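Notes for the one structure printed next.
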Amino acid sequence: MIDTDYPNAAAAFELFIRAPWHWPLGENPGFGGVNLFFSDGAPWFAFIAKGIYQLTGIALSLHWLVVINMVLWPVMAWRLVGTLHPTPAGRWLAVLLLTFNLIVMVRLIGAQHIALGSYWVVLWAMCTVPLVRQSVSWWRRWEFLLALGVAVWSHAYLGAMAALIILVGLVMTRRWWAMAWVIILPLLLLYAVGALQAESTPMGGAKAYGVDLAAFTKSLGWGVAGNLYDT
């Protein structure tokens, strides 16, 4: 075990998938009561792994998220570039440049913070709001809800980025009513996982990740308004 974020996330994940279901869905009593959302256990993947374990007895480890991230990153890059560049050569070049983006490597190599390495959800968000006026299926018109849901249940940072990207797309296409769901859905998902109800955590470091309005001004010592209060 190396001294990074990964041992914390992996331990929370392993204990969570083996425990019974609770409400809220992210409750993890075996991990000191620290909610899965705040221990970076990639909730969407943890829920799938928990269901597989209860049905088959097969325990997927958090390591599998590395494989998923490495596969879906270039897939989503290809999809995004396909909407922007007409020639295959240009598409391949852009996909290669995106695939070997350093930030992805930094998150994945050395077993660091693989939940936050799921940057493919950000590329996915860029593809989900058709900006050209054309007749598309209902699935394409509302695909952004699925992408946003996976992003929110991946990591808070990714959820915020995906939400902002989708909001910009909806503003550009003047889908005003759809914009409300970009706010409502994350709140519902955060409530279901238990992130909004958690008043504090037994672990000192994790408490600073509490979800409240003050997080917009200060979080772990940084913020747009400076150090207004102690976390």
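Residues in the structure tokens are numbered from 1 in each chain, the chains being A, B, ... in the order shown, and ligands are numbered from 1 in the order shown.
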Legend entry - Contacts of Phe144 of chain A within 8 Å, only C-alpha atoms, excl. fewer than 6 positions in-chain, as an NGL selection string: :A and (125 or 128-129 or 166)
Inset, instruction - Compile the contact shell of Ala49 of chain A as a count of residues only: residues with an atom at most 8 Å away, counting only C-alpha atoms, same-chain residues fewer than 6 positions apart removed. - result: 3
Compile a residue-level contact table for segment 62-165 of chain A against segment 28-40 of chain A at a cut-off of 9 Å, reporting for every qualifying residue the shortest atom pair and its distance in Å to one decimal, with only C-alpha atoms counted, rows ordered by chain and ascending number, as a tab-separated table.
```
residue	atom	partner	partner_atom	distance
A:His113	CA	A:Asp40	CA	8.1
A:Ile114	CA	A:Asp40	CA	8.7
A:Ala115	CA	A:Asp40	CA	6.1
A:Leu116	CA	A:Asp40	CA	8.0
A:Trp153	CA	A:Phe37	CA	7.6
A:Ser154	CA	A:Asp40	CA	7.9
A:His155	CA	A:Asp40	CA	6.8
A:Ala156	CA	A:Phe37	CA	8.4
```
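The shell of residues at most 8 Å from Ala10 of chain A, with only C-alpha atoms counted and near chain neighbours (fewer than 5 positions) removed, consists of Gly41, Ser61 and Leu62 of chain A.
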Can you spit out the residues from that selection as a PDB file, in the first residue's frame, using C-alpha atoms?
```pdb
ATOM      1  CA  GLY A  41     -15.294   5.096  -4.297  1.00  0.00           C
ATOM      2  CA  SER A  61     -12.002  -4.601  -7.284  1.00  0.00           C
ATOM      3  CA  LEU A  62     -11.610  -0.874  -7.757  1.00  0.00           C
TER       4      LEU A  62
END
```
Inset, instruction - Can you work out which one of A:Ala162, A:Leu145, A:Val106, A:Leu25 has the shortest atom-to-atom distance to Ala178 of chain A, counting only C-alpha atoms? - result: A:Leu145
Inset, instruction - Apply DSSP to the structure's backbone, then extract all residues of segment 2-222 of chain A labelled helix (DSSP H, G or I) and return them as an MDAnalysis selection string. - result: chainID A and resid 5:18 29:31 36:39 43:56 64:82 88:99 102:108 120:127 138:152 156:172 176:193 204:207 213:216
Legend entry - Gap from atom CA of Asn101 of chain A to atom CA of Trp124 of chain A - Å, one decimal: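 So the answer is 15.9 Å.
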Inset, instruction - Could you check which of A:Trp120, A:Trp142, A:Trp44, A:Tyr53 is closest to Arg79 of chain A, using only C-alpha atoms? - result: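 Ranked by minimum distance to Arg79 of chain A, first place goes to A:Trp120.
Minimum atom-to-atom distance to Asn8 of chain A, evaluated using only C-alpha atoms, belongs to A:Gln112 out of A:Gln112, A:Gly90, A:Val171, A:Ile58.
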Inset, instruction - Go through A:Met179, A:Leu123, A:Ile48, A:Leu187 one by one, measure the shortest atom-to-atom distance of each to Trp64 of chain A using only C-alpha atoms, and give the residue with the smallest value. - result: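 So, comparing all the options, the nearest one is A:Ile48.
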